[in-house]
Number of protein chains: 2
Amino acid sequence: MQFDDYIRSNKADFESRLFEILRIPSVSACSENKPDMCRSADWLVRQFQSFGTEFGMKSELIETAGNPLVYAEYTPEKPAADAPVILIYGHYDVQPPDPLDLWKTPPFEPAVHNGNVYARGANDDKGQSLTHLFAVESLLKTEGSLPCKVKFILEGEEEVGSQSLHDYVYSETGKRKLACDCILVSDTNMFAPGQPTITYGIRGILAAELHLTGPNRDLHSGIYGGAVYNPALALTRILAQFTDAGGKINLPNFYDDVLALTDKERKQFTALPFDESAFFADLNLPPDSASCWGEAGYSVNERRWTRPSFDINGITAGYQGRGSKTIIPAKASAKFTFRLVPKQEPKKIFTSLQIFLAGIIPSGITWELERQHGEAAMCLDLDKSCFVEPMSAALEKTFGRKPVFIREGGSVPIIADCHQVLGADVLFTGWGQEDDAIHSPNEKFSLESFQKGILASAQFLRSL
Amino acid sequence: MQFDDYIRSNKADFESRLFEILRIPSVSACSENKPDMCRSADWLVRQFQSFGTEFGMKSELIETAGNPLVYAEYTPEKPAADAPVILIYGHYDVQPPDPLDLWKTPPFEPAVHNGNVYARGANDDKGQSLTHLFAVESLLKTEGSLPCKVKFILEGEEEVGSQSLHDYVYSETGKRKLACDCILVSDTNMFAPGQPTITYGIRGILAAELHLTGPNRDLHSGIYGGAVYNPALALTRILAQFTDAGGKINLPNFYDDVLALTDKERKQFTALPFDESAFFADLNLPPDSASCWGEAGYSVNERRWTRPSFDINGITAGYQGRGSKTIIPAKASAKFTFRLVPKQEPKKIFTSLQIFLAGIIPSGITWELERQHGEAAMCLDLDKSCFVEPMSAALEKTFGRKPVFIREGGSVPIIADCHQVLGADVLFTGWGQEDDAIHSPNEKFSLESFQKGILASAQFLRSL
């Protein structure tokens, strides 16, 4: 049987295996889900064993200080002298599912509706990662071999900063084991449904939490109001100074290392089939939203792909129940992230943040700044990589049209590190869609995309 | 037996009855505590019945749309022609006890330690209210009568805006039933331990909650960050505009009706034994806190007693768990209060707030402003009231020193209304202490204050 026929005829089996791992609530942010992290990793190793052992594929769990890494490796018996080594990256951890009450079906009980599977992790990144696993399985089962060496590294801490894989890739063992020519990642979206897409740049991130303390206890807002600085009010006044009215960031030296966009990129982005008002309509935002918020002088896609941004991810202070409680809360805190662009260094930005805060936090308010995670951005030179051409061909063959080349606003922690340590090219070719609601309630993944991802990955790997 | 001996010898019994009502979690802000509101009210009526019936005292529950009012009335057999009518006000509802983990003993299990009872409502206002009930009981049991008509009105919605008593006092029945010459209220603190205090002014309040909505779902802060206005960030930028850097409020026409402080009052306040650095040290705040926050040109006591203020009581948006979640939250909200001073009208201030918000809330953010409760401030003319002298004498006799005259920053909802509708003087003579942590974890009340409150109240009532 041809590999592509095999992939089509095993549709139901691939989906049922995807649903198995979607049922495991592998939320890396919650320590109570630790056993689920191990269950997910074990499940993945068993998958590799079940189809790969007979073809000499090796797989193992790599224990870490955090969640285990899943590693697998296939070596052809007689590789060509110039056969490349491909490292496929993915992650089996997921974002927390809350707010739970907004899910239409439970987040860890995959439900199929209109050709999509709904579950936390359906797209990000269990569904996407598995396409490559099933591609290798399909090629081995139909063709008996692959023309190149293929490695898999699947981690369980992507949503919380990838500390363990970071440590591993910087270790001598890790560096040797993960050595490769190209890192292949499916953790991004297609630019439009059915439009194959190569994402050649991602933003970096710096996540932090600021904790403010005022008085040593919650106070009666009548007895003390006006005489004591309210930490919640202080927090709003501090956070309001992080940006200007359009979102440009006020930290000192923040933009020093930011590269200007090239005319070539701006033209490439302008040519994309992008309907700004549809983009905002999908979010139930007014069509003129781009003029109400966003850095002046940049288009919507330039803002989210190529410019740094600041967002508050969570803010908490005082009474959280129903009704009113007339207090001055003793504490207030906010979780926030900066999205960074190539050449910005998370460490430098964190220092800038500390300096900025030290300059604006008022006397009488004590503060603690907790650094959560940070990763640099990265961007591939399209004219220099020898993997762009075969991937473009594989995508065109599978989807019936040429890929577009875009950048992406999200951060795939660790990938910039791997790129740097391993000296490998990075290709992001995601099968997700913009409306897949990753990180949101009712995350979904198209089952057609799932199948095409398997087909395209197999096409790419056999062409090398 | 003399009434004061009676009060001293019944100490244990009065305390044990106080602890009974402290065990009932009558949190008016939480609808699940509704049965506890009724239990508290029933308990109070049974108290009046148990000692008052034989002296012709009548008591009853007045059902309302909210929590029941407790009403009791004593009429002397042969009142003097000029005998005044005293209305004693109190409330049996309490603030929510959270954050629960900061309580050293459970909030609804009264615990005695170092002469204080620790429980939610120990001071505010169960302990304070009961002093007058036990004062009347002691006078009737020892002297067989009182020289004046005494009424009690004890409500169950003080912490949530007193809607039911408000409706009642504005009704014809209520107006008739509550008619009086003087309203006596113990819901304030003594200026210093052992220093009897007459509080002749209170601030008003306007409580509201602002809800902001941005996109129709939580968004990935990488994919959308920089292109979509984050409602949590918008909220901080909006709230930061409510005040200047010292807390002066920026709403239009906000200060129009505020009366200037008189020289007499400023001198009176300056003469008080008030240690500003001790005030801040108690809160674990630096000694120069008064120069870091607070309206310029006013002392700490002037700021909290006589000037309006703005406080955020609670703020919520996005991820509330541990670790990080890289989202743009769809919604953000804040609960806040304005403390108002005499002549400021809550309705006018709410309108000003609406106008202010309409002017600053950015396009792309939808908003809803929820009015929670509002009450005007009030202030007694000390030179005109005929109850100030007898109360001063009763306090001096009980505490061994003359009272001081202060104002108070808290709001006793409804009292300004009663004052206006009933045309009666209002005397606040509280037995609480500044460090009683009302509205905070580990609320307490001194059992010595409790007894002195009973003694002073009895002294006052029998002298009329």
# chains A, B, ... in the order shown; residues from 1 in each chain; ligands from 1
$ residues_around --residues "region 305-312 of chain B" --least-positions-apart "4" --cutoff "9 Å" --atoms "only C-alpha atoms" --output "PyMOL selection string"
(chain A and resi 221-227+229-233+317-318+326-329) or (chain B and resi 201-204+239+242-243+247-249+255+258+261+294-295+298+300-301+334-342+406-410)
$ residues_around --residues "Ser171 (chain B)" --least-positions-apart "6" --cutoff "10 Å" --atoms "only C-alpha atoms" --output "PyMOL selection string"
chain B and resi 165+177+421
$ residues_around --residues "region 99-103 of chain B" --least-positions-apart "4" --cutoff "7 Å" --atoms "only C-alpha atoms" --output "list in words"
Pro107, Pro441 and Asn442 of chain B
$ atom_distance --atom1 "CA of Leu380 (chain A)" --atom2 "CA of His419 (chain A)"
9.6 Å
$ closest_residue --among "B:Gln320, B:Thr131, B:Ser145, B:Thr236" --to "Glu54 (chain B)" --atoms "only C-alpha atoms"
B:Ser145
$ closest_residue --among "B:Gln372, B:Ser457, B:Thr75, B:Gln433" --to "chain A" --atoms "only C-alpha atoms"
B:Gln372
$ closest_residue --among "A:Leu69, A:Ala29, A:Cys418, A:Ile86" --to "chain B" --atoms "only C-alpha atoms"
A:Ala29
$ select_by_dssp --residues "region 164-329 of chain B" --states "strand (DSSP E)" --output "NGL selection string"
:B and (182-185 or 197-202 or 204-213 or 219-220 or 309-318 or 327-328)
$ residues_around --residues "Asp282 (chain A)" --least-positions-apart "5" --cutoff "9 Å" --atoms "only C-alpha atoms" --output "compact mmCIF listing (two decimals) with C-alpha atoms, in the first residue's frame"
# COMPACT_ATOMS: atom_id res chain seq x y z
CA SER A 277 -12.30 43.74 9.83
CA ASP A 435 -9.98 30.19 15.42
CA PRO B 215 -12.65 40.29 22.88
CA ASN B 216 -15.33 37.61 23.06
$ select_by_dssp --residues "region 66-250 of chain A" --states "alpha helix (DSSP H)" --output "ChimeraX atom specification"
/A:126-143,163-170,172-177,221-224,231-239
